[in-house]
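> Next comes the structure file upload.txt, holding compact mmCIF, C-alpha atoms.
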```txt
# COMPACT_ATOMS: atom_id res chain seq x y z
CA MET A 195 71.34 -95.73 -38.18
CA SER A 196 74.24 -97.60 -39.71
CA LYS A 197 74.01 -101.14 -41.02
CA HIS A 198 76.38 -102.19 -38.23
CA LEU A 199 74.07 -100.73 -35.60
CA ILE A 200 71.04 -102.41 -37.18
CA ALA A 201 72.91 -105.72 -37.15
CA ALA A 202 73.71 -105.19 -33.48
CA LEU A 203 70.03 -104.59 -32.71
CA ILE A 204 69.03 -107.76 -34.54
CA GLY A 205 71.62 -109.60 -32.47
CA LEU A 206 69.84 -108.47 -29.31
CA LEU A 207 66.64 -110.27 -30.25
CA PRO A 208 66.29 -113.10 -27.72
CA VAL A 209 66.60 -116.81 -28.20
CA ALA A 210 64.92 -119.30 -25.92
CA GLY A 211 66.43 -119.36 -22.46
CA SER A 212 68.82 -116.45 -23.03
CA ALA A 213 69.21 -113.38 -20.84
CA GLN A 214 69.48 -110.12 -22.77
CA THR A 215 70.60 -106.60 -21.92
CA PHE A 216 69.73 -103.33 -23.64
CA SER A 217 71.17 -99.83 -23.73
CA VAL A 218 70.74 -96.76 -25.94
CA PRO A 219 72.81 -97.26 -29.15
CA ASP A 220 75.77 -94.94 -29.73
CA GLY A 221 74.76 -91.65 -31.36
CA CYS A 222 71.26 -91.94 -29.95
CA GLU A 223 69.41 -90.79 -26.85
CA GLY A 224 66.56 -92.31 -24.92
CA VAL A 225 63.23 -90.49 -25.06
CA VAL A 226 60.80 -92.37 -22.84
CA THR A 227 60.05 -95.81 -21.42
CA VAL A 228 56.43 -96.96 -21.29
CA GLN A 229 55.28 -99.78 -19.05
CA GLN A 230 52.07 -101.21 -20.52
CA LYS A 231 49.50 -103.83 -19.67
CA GLY A 232 49.89 -107.37 -20.99
CA CYS A 233 53.52 -107.65 -19.83
CA LEU A 234 54.72 -105.19 -22.48
CA LEU A 235 57.54 -102.67 -22.07
CA VAL A 236 58.39 -100.08 -24.74
CA ASN A 237 61.67 -98.16 -24.95
CA ILE A 238 61.79 -95.25 -27.40
CA TRP A 239 64.93 -93.48 -28.63
CA GLN A 240 66.06 -91.12 -31.38
CA CYS A 241 69.35 -90.89 -33.26
CA SER A 242 71.25 -87.84 -34.48
CA ALA A 243 71.94 -89.40 -37.90
CA ASP A 244 68.24 -89.84 -38.69
CA PRO A 245 65.86 -87.26 -40.21
CA GLU A 246 64.21 -85.00 -37.64
CA GLY A 247 61.24 -86.67 -35.99
CA ASP A 248 62.35 -90.26 -36.64
CA LYS A 249 62.19 -92.57 -33.64
CA TRP A 250 63.10 -96.14 -32.79
CA ILE A 251 60.82 -98.32 -30.70
CA GLY A 252 62.00 -101.41 -28.84
CA LEU A 253 59.34 -103.84 -27.63
CA PHE A 254 60.10 -106.13 -24.68
CA SER A 255 58.30 -109.12 -23.22
CA GLU A 256 59.36 -111.23 -20.23
CA ALA A 257 61.79 -113.02 -22.61
CA GLY A 258 63.50 -109.75 -23.58
CA LEU A 259 63.68 -107.56 -26.66
CA TYR A 260 61.63 -109.09 -29.49
CA SER A 261 61.05 -106.28 -31.99
CA VAL A 262 62.72 -103.02 -33.05
CA GLN A 263 60.68 -100.61 -35.18
CA HIS A 264 61.75 -97.44 -36.98
CA VAL A 265 59.07 -94.78 -37.57
CA ASP A 266 59.11 -91.25 -38.96
CA ARG A 267 57.37 -88.13 -37.61
CA GLU A 268 54.14 -89.16 -39.36
CA PHE A 269 54.35 -92.57 -37.69
CA GLN A 270 54.99 -94.36 -40.95
CA TRP A 271 56.44 -97.77 -40.10
CA LEU A 272 59.66 -97.49 -42.13
CA GLU A 273 61.34 -100.74 -41.08
CA ALA A 274 61.24 -103.37 -38.40
CA PHE A 275 63.51 -106.11 -37.13
CA LYS A 276 61.78 -109.09 -35.53
CA MET A 277 62.48 -112.68 -34.65
CA SER A 278 60.42 -113.60 -37.73
CA GLY A 279 62.65 -111.47 -39.99
CA SER A 280 63.15 -107.94 -41.29
CA GLU A 281 60.41 -105.76 -42.78
CA ALA A 282 60.49 -102.50 -44.74
CA LEU A 283 57.95 -100.01 -46.05
CA VAL A 284 57.72 -99.87 -49.85
CA GLN A 285 57.93 -96.16 -50.72
CA PRO A 286 56.18 -94.13 -51.82
CA ALA A 287 53.05 -95.52 -50.19
CA ASP A 288 49.75 -95.32 -52.09
CA ASP A 289 48.18 -93.47 -49.14
CA PRO A 290 50.84 -92.77 -46.51
CA ALA A 291 49.95 -92.88 -42.83
CA SER A 292 49.90 -89.30 -41.53
CA MET A 293 49.95 -88.25 -37.90
CA THR A 294 49.48 -84.65 -39.09
CA GLU A 295 46.26 -85.55 -40.92
CA LEU A 296 44.94 -87.41 -37.88
CA LEU A 297 45.66 -84.62 -35.41
CA GLU A 298 44.39 -81.82 -37.68
CA ASN A 299 41.29 -83.48 -39.15
CA GLY A 300 40.49 -86.33 -36.76
CA LEU A 301 40.73 -88.97 -39.49
CA ASP A 302 43.57 -90.55 -41.42
CA THR A 303 43.24 -93.25 -44.05
CA TYR A 304 46.21 -95.32 -45.18
CA GLU A 305 47.25 -97.89 -47.74
CA PHE A 306 50.80 -99.16 -47.91
CA VAL A 307 52.88 -102.24 -48.68
CA ILE A 308 55.34 -103.86 -46.28
CA ASP A 309 58.07 -105.95 -47.87
CA LYS A 310 58.66 -109.01 -45.65
CA GLU A 311 60.97 -111.96 -46.04
CA SER A 312 57.87 -114.14 -46.49
CA GLY A 313 56.47 -111.85 -49.21
CA ALA A 314 54.91 -108.42 -49.57
CA GLU A 315 51.74 -107.58 -47.62
CA ARG A 316 49.35 -104.68 -48.24
CA THR A 317 47.67 -102.90 -45.33
CA VAL A 318 44.55 -100.77 -45.81
CA GLY A 319 42.61 -98.99 -43.09
CA PHE A 320 41.96 -95.84 -41.09
CA ASP A 321 42.53 -94.18 -37.72
CA THR A 322 40.03 -91.74 -36.27
CA LEU A 323 40.02 -89.66 -33.09
CA THR A 324 37.12 -90.57 -30.81
CA GLY A 325 37.12 -87.25 -28.93
CA VAL A 326 38.14 -89.00 -25.71
CA GLU A 327 41.09 -87.40 -23.98
CA THR A 328 42.74 -88.84 -20.90
CA VAL A 329 45.82 -88.50 -18.73
CA ILE A 330 47.77 -91.65 -17.82
CA ASP A 331 50.59 -91.21 -15.30
CA GLY A 332 50.67 -87.48 -16.10
CA GLU A 333 50.80 -88.04 -19.88
CA PRO A 334 48.02 -86.41 -22.00
CA LEU A 335 46.72 -88.91 -24.55
CA LEU A 336 44.07 -88.95 -27.28
CA GLN A 337 42.02 -92.06 -27.97
CA THR A 338 41.72 -93.38 -31.52
CA GLU A 339 39.69 -96.11 -33.16
CA PHE A 340 41.05 -98.09 -36.09
CA GLU A 341 40.00 -100.72 -38.57
CA GLY A 342 42.34 -102.38 -41.02
CA GLN A 343 42.97 -105.29 -43.33
CA THR A 344 46.22 -107.01 -44.27
CA LEU A 345 46.25 -108.65 -47.70
CA ALA A 346 48.69 -110.95 -49.46
CA GLU A 347 50.11 -110.08 -52.87
CA ASN A 348 47.32 -112.06 -54.55
CA GLY A 349 44.63 -110.11 -52.68
CA THR A 350 43.83 -112.81 -50.12
CA VAL A 351 42.84 -111.30 -46.78
CA ILE A 352 45.34 -112.37 -44.14
CA ASP A 353 43.95 -110.44 -41.21
CA THR A 354 41.11 -108.06 -40.36
CA SER A 355 41.36 -106.19 -37.09
CA GLY A 356 40.00 -103.27 -35.14
CA GLY A 357 40.49 -101.56 -31.85
CA ARG A 358 41.32 -98.44 -29.93
CA GLN A 359 44.77 -96.98 -29.40
CA TRP A 360 46.31 -94.01 -27.65
CA VAL A 361 48.14 -91.14 -29.36
CA SER A 362 50.63 -88.75 -27.83
CA ALA A 363 50.54 -85.47 -29.74
CA LYS A 364 53.71 -84.42 -27.89
CA HIS A 365 55.72 -87.41 -29.08
CA ARG A 366 53.74 -88.00 -32.31
CA LEU A 367 53.50 -91.66 -31.38
CA PHE A 368 50.84 -94.33 -31.13
CA PHE A 369 50.69 -96.61 -28.11
CA PHE A 370 48.84 -99.92 -28.02
CA GLY A 371 45.40 -99.93 -26.46
CA GLU A 372 42.60 -102.42 -26.91
CA SER A 373 42.48 -104.57 -30.04
CA TRP A 374 40.45 -107.46 -31.42
CA ASP A 375 40.00 -109.67 -34.45
CA ALA A 376 37.08 -108.51 -36.57
CA GLY A 377 35.53 -111.99 -36.42
CA ASN A 378 35.59 -112.10 -32.62
CA PRO A 379 35.45 -108.58 -31.14
CA GLU A 380 34.50 -109.90 -27.70
CA ALA A 381 37.94 -111.51 -27.34
CA SER A 382 39.87 -108.26 -27.00
CA VAL A 383 43.36 -107.67 -25.63
CA ASP A 384 44.21 -104.52 -23.69
CA LEU A 385 47.87 -103.40 -23.80
CA SER A 386 47.25 -99.80 -22.74
CA PRO A 387 50.02 -97.70 -21.13
CA VAL A 388 50.28 -97.63 -17.35
CA GLU A 389 53.50 -95.70 -16.63
CA PHE A 390 55.58 -93.17 -18.58
CA ILE A 391 59.19 -93.00 -17.38
CA TYR A 392 61.64 -90.29 -18.42
CA PRO A 393 65.43 -89.92 -18.11
CA ASP A 394 66.66 -89.71 -14.49
CA GLU A 395 63.52 -91.49 -13.27
CA ALA A 396 63.71 -94.98 -11.81
CA GLY A 397 62.96 -97.61 -14.41
CA PHE A 398 64.02 -95.55 -17.45
CA PHE A 399 65.16 -97.89 -20.22
CA SER A 400 64.44 -100.92 -18.09
CA GLU A 401 64.34 -104.29 -19.83
CA ASN A 402 61.67 -105.74 -17.55
CA PRO A 403 57.93 -105.33 -18.10
CA LYS A 404 56.03 -105.46 -14.83
CA PHE A 405 52.27 -105.32 -15.41
CA GLU A 406 50.22 -108.52 -15.87
CA CYS A 407 53.29 -110.65 -16.51
CA GLY A 408 52.58 -114.35 -16.26
CA VAL A 409 48.88 -113.59 -16.75
CA ILE A 410 48.46 -112.37 -20.31
CA GLU A 411 50.69 -113.41 -23.18
CA SER A 412 51.19 -110.51 -25.57
CA ARG A 413 49.94 -111.04 -29.12
CA PHE A 414 52.76 -108.85 -30.44
CA THR A 415 55.68 -111.22 -29.86
CA LYS A 416 55.41 -112.77 -33.32
```
What does this structure look like when you write it as structure tokens?


Amino acid sequence: MSKHLIAALIGLLPVAGSAQTFSVPDGCEGVVTVQQKGCLLVNIWQCSADPEGDKWIGLFSEAGLYSVQHVDREFQWLEAFKMSGSEALVQPADDPASMTELLENGLDTYEFVIDKESGAERTVGFDTLTGVETVIDGEPLLQTEFEGQTLAENGTVIDTSGGRQWVSAKHRLFFFGESWDAGNPEASVDLSPVEFIYPDEAGFFSENPKFECGVIESRFTK
């Protein structure tokens, strides 16, 4: 995507009390909308100017669009634009995340650095397939388990987390599931998908999450 388009996306990030709208950027096409638990809505699109397999992911809360993420076909988190600032993957990664490795071998380890405006952070961890397969709203999904640590440049542990997520082999995408802080696994948050909405279906590229709104505040609005 062009720098102008990226700037436009950043401009869509909400400020307090503002009403926002969203549409597929020029040169791009919508792929799927996912309504998830925890008052989370996810719009996914792809752009003709990007390498094959790249996708863009817009995350919406009740307040509107709060994060735009760019991933490749291996689900490497290439860049993100959030209210807290921009982030970018430092390449090449020491151990790149690999959707191919996960789907073929059931386990993928990763170690990479994200360059943030507040300083670089290193993430180390793994995803593994549990063997559980399910169908949510007609969408076949594979369950994963993950554990990971985020470390500051000086090696200080910022965060240690674990959980279970859902993977679509068709889309080569992860979707949030259940997650928890390693120090308090009983206090988990479930943001699992509920509905998958495709072009020409009602609710495609909606801006309004509809499940558990006003009940659970998403942890991913930071």

> Pick the closest to A:Lys249 from A:Ala396, A:Met277, A:Leu367, A:Leu234: which is it, counting only C-alpha atoms?

A:Leu367

> Every residue with an atom at most 12 Å from (50.0, -88.6, -42.7) (file coordinates; only C-alpha atoms) is what I'm after, so could you write them as a PyMOL selection string?

chain A and resi 266-271+287-306+320-321+366

> I need the residue nearest A:Pro387 from this list: A:Ala274, A:Phe399, A:Gly232, A:Ile352. Use all atoms listed in the file for the distance.

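That would be A:Gly232, the residue with the smallest distance to A:Pro387.
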
> Find the distance between atom CA of A:Phe370 and atom CA of A:Trp239 and write it in Å to one decimal.

17.3 Å

> Residues within 12 Å of (50.5, -92.9, -21.8), file coordinates, counting all atoms listed in the file: what are they? Give the list as JSON, numbers by chain.

{"A": [226, 227, 228, 229, 230, 231, 236, 327, 328, 329, 330, 331, 332, 333, 334, 335, 336, 337, 359, 360, 361, 362, 363, 364, 365, 367, 368, 369, 370, 371, 385, 386, 387, 388, 389, 390, 391, 392]}

> Mind pulling up the distance from atom CA of A:Gly313 to atom CA of A:Ala346?

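The value is 7.8 Å.
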
> Would you place a box with edges along x, y and z of the file around all atoms of stretch 357-369 of chain A listed there, add 6 Å to each of its six sides, and report the centre and edge lengths in Å to one decimal, as AutoDock Vina command-line options?


```
--center_x 48.1 --center_y -93.0 --center_z -30.0 --size_x 27.2 --size_y 29.1 --size_z 16.7
```

> Since the input is missing atoms for stretch 312-335 of chain A, could you rebuild it with N, CA, C and O atoms and give the result as a PDB file, in the coordinates of the input?


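Written file, part.pdb:
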```
ATOM      1  N   SER A 312      58.837-113.136 -46.041  1.00  0.00           N
ATOM      2  CA  SER A 312      57.870-114.140 -46.490  1.00  0.00           C
ATOM      3  C   SER A 312      57.036-113.665 -47.672  1.00  0.00           C
ATOM      4  O   SER A 312      56.217-114.419 -48.193  1.00  0.00           O
ATOM      5  N   GLY A 313      57.240-112.411 -48.109  1.00  0.00           N
ATOM      6  CA  GLY A 313      56.470-111.850 -49.210  1.00  0.00           C
ATOM      7  C   GLY A 313      55.844-110.534 -48.831  1.00  0.00           C
ATOM      8  O   GLY A 313      55.667-110.223 -47.646  1.00  0.00           O
ATOM      9  N   ALA A 314      55.487-109.741 -49.828  1.00  0.00           N
ATOM     10  CA  ALA A 314      54.910-108.420 -49.570  1.00  0.00           C
ATOM     11  C   ALA A 314      53.476-108.543 -49.058  1.00  0.00           C
ATOM     12  O   ALA A 314      52.727-109.438 -49.461  1.00  0.00           O
ATOM     13  N   GLU A 315      53.101-107.642 -48.158  1.00  0.00           N
ATOM     14  CA  GLU A 315      51.740-107.580 -47.620  1.00  0.00           C
ATOM     15  C   GLU A 315      51.233-106.148 -47.697  1.00  0.00           C
ATOM     16  O   GLU A 315      51.958-105.208 -47.376  1.00  0.00           O
ATOM     17  N   ARG A 316      49.983-105.996 -48.126  1.00  0.00           N
ATOM     18  CA  ARG A 316      49.350-104.680 -48.240  1.00  0.00           C
ATOM     19  C   ARG A 316      48.430-104.452 -47.041  1.00  0.00           C
ATOM     20  O   ARG A 316      47.644-105.326 -46.678  1.00  0.00           O
ATOM     21  N   THR A 317      48.533-103.270 -46.449  1.00  0.00           N
ATOM     22  CA  THR A 317      47.670-102.900 -45.330  1.00  0.00           C
ATOM     23  C   THR A 317      46.812-101.710 -45.733  1.00  0.00           C
ATOM     24  O   THR A 317      47.313-100.727 -46.281  1.00  0.00           O
ATOM     25  N   VAL A 318      45.509-101.820 -45.476  1.00  0.00           N
ATOM     26  CA  VAL A 318      44.550-100.770 -45.810  1.00  0.00           C
ATOM     27  C   VAL A 318      43.682-100.518 -44.579  1.00  0.00           C
ATOM     28  O   VAL A 318      43.230-101.468 -43.924  1.00  0.00           O
ATOM     29  N   GLY A 319      43.458 -99.247 -44.242  1.00  0.00           N
ATOM     30  CA  GLY A 319      42.610 -98.990 -43.090  1.00  0.00           C
ATOM     31  C   GLY A 319      42.522 -97.513 -42.762  1.00  0.00           C
ATOM     32  O   GLY A 319      42.843 -96.645 -43.577  1.00  0.00           O
ATOM     33  N   PHE A 320      42.086 -97.229 -41.532  1.00  0.00           N
ATOM     34  CA  PHE A 320      41.960 -95.840 -41.090  1.00  0.00           C
ATOM     35  C   PHE A 320      42.127 -95.754 -39.589  1.00  0.00           C
ATOM     36  O   PHE A 320      41.910 -96.716 -38.844  1.00  0.00           O
ATOM     37  N   ASP A 321      42.533 -94.575 -39.127  1.00  0.00           N
ATOM     38  CA  ASP A 321      42.530 -94.180 -37.720  1.00  0.00           C
ATOM     39  C   ASP A 321      41.638 -92.961 -37.592  1.00  0.00           C
ATOM     40  O   ASP A 321      41.670 -92.074 -38.440  1.00  0.00           O
ATOM     41  N   THR A 322      40.866 -92.906 -36.521  1.00  0.00           N
ATOM     42  CA  THR A 322      40.030 -91.740 -36.270  1.00  0.00           C
ATOM     43  C   THR A 322      40.068 -91.384 -34.791  1.00  0.00           C
ATOM     44  O   THR A 322      40.133 -92.272 -33.935  1.00  0.00           O
ATOM     45  N   LEU A 323      40.081 -90.093 -34.479  1.00  0.00           N
ATOM     46  CA  LEU A 323      40.020 -89.660 -33.090  1.00  0.00           C
ATOM     47  C   LEU A 323      38.597 -89.799 -32.577  1.00  0.00           C
ATOM     48  O   LEU A 323      37.638 -89.407 -33.251  1.00  0.00           O
ATOM     49  N   THR A 324      38.450 -90.364 -31.377  1.00  0.00           N
ATOM     50  CA  THR A 324      37.120 -90.570 -30.810  1.00  0.00           C
ATOM     51  C   THR A 324      36.610 -89.340 -30.067  1.00  0.00           C
ATOM     52  O   THR A 324      35.421 -89.259 -29.746  1.00  0.00           O
ATOM     53  N   GLY A 325      37.486 -88.400 -29.756  1.00  0.00           N
ATOM     54  CA  GLY A 325      37.120 -87.250 -28.930  1.00  0.00           C
ATOM     55  C   GLY A 325      37.415 -87.478 -27.456  1.00  0.00           C
ATOM     56  O   GLY A 325      37.313 -86.544 -26.650  1.00  0.00           O
ATOM     57  N   VAL A 326      37.784 -88.702 -27.096  1.00  0.00           N
ATOM     58  CA  VAL A 326      38.140 -89.000 -25.710  1.00  0.00           C
ATOM     59  C   VAL A 326      39.575 -88.578 -25.450  1.00  0.00           C
ATOM     60  O   VAL A 326      40.487 -88.931 -26.198  1.00  0.00           O
ATOM     61  N   GLU A 327      39.769 -87.796 -24.417  1.00  0.00           N
ATOM     62  CA  GLU A 327      41.090 -87.400 -23.980  1.00  0.00           C
ATOM     63  C   GLU A 327      41.283 -87.881 -22.541  1.00  0.00           C
ATOM     64  O   GLU A 327      40.352 -87.841 -21.739  1.00  0.00           O
ATOM     65  N   THR A 328      42.484 -88.349 -22.243  1.00  0.00           N
ATOM     66  CA  THR A 328      42.740 -88.840 -20.900  1.00  0.00           C
ATOM     67  C   THR A 328      44.158 -88.478 -20.498  1.00  0.00           C
ATOM     68  O   THR A 328      44.960 -88.015 -21.319  1.00  0.00           O
ATOM     69  N   VAL A 329      44.461 -88.678 -19.238  1.00  0.00           N
ATOM     70  CA  VAL A 329      45.820 -88.500 -18.730  1.00  0.00           C
ATOM     71  C   VAL A 329      46.194 -89.776 -17.994  1.00  0.00           C
ATOM     72  O   VAL A 329      45.508 -90.195 -17.062  1.00  0.00           O
ATOM     73  N   ILE A 330      47.269 -90.433 -18.455  1.00  0.00           N
ATOM     74  CA  ILE A 330      47.770 -91.650 -17.820  1.00  0.00           C
ATOM     75  C   ILE A 330      49.158 -91.350 -17.272  1.00  0.00           C
ATOM     76  O   ILE A 330      50.062 -90.978 -18.023  1.00  0.00           O
ATOM     77  N   ASP A 331      49.318 -91.472 -15.975  1.00  0.00           N
ATOM     78  CA  ASP A 331      50.590 -91.210 -15.300  1.00  0.00           C
ATOM     79  C   ASP A 331      51.146 -89.831 -15.704  1.00  0.00           C
ATOM     80  O   ASP A 331      52.342 -89.686 -15.983  1.00  0.00           O
ATOM     81  N   GLY A 332      50.265 -88.841 -15.773  1.00  0.00           N
ATOM     82  CA  GLY A 332      50.670 -87.480 -16.100  1.00  0.00           C
ATOM     83  C   GLY A 332      50.821 -87.193 -17.584  1.00  0.00           C
ATOM     84  O   GLY A 332      51.138 -86.064 -17.966  1.00  0.00           O
ATOM     85  N   GLU A 333      50.590 -88.200 -18.442  1.00  0.00           N
ATOM     86  CA  GLU A 333      50.800 -88.040 -19.880  1.00  0.00           C
ATOM     87  C   GLU A 333      49.462 -87.809 -20.593  1.00  0.00           C
ATOM     88  O   GLU A 333      48.586 -88.679 -20.579  1.00  0.00           O
ATOM     89  N   PRO A 334      49.259 -86.648 -21.248  1.00  0.00           N
ATOM     90  CA  PRO A 334      48.020 -86.410 -22.000  1.00  0.00           C
ATOM     91  C   PRO A 334      47.970 -87.305 -23.244  1.00  0.00           C
ATOM     92  O   PRO A 334      48.919 -87.340 -24.033  1.00  0.00           O
ATOM     93  N   LEU A 335      46.869 -88.000 -23.423  1.00  0.00           N
ATOM     94  CA  LEU A 335      46.720 -88.910 -24.550  1.00  0.00           C
ATOM     95  C   LEU A 335      45.352 -88.738 -25.196  1.00  0.00           C
ATOM     96  O   LEU A 335      44.367 -88.401 -24.533  1.00  0.00           O
TER      97      LEU A 335
END
```
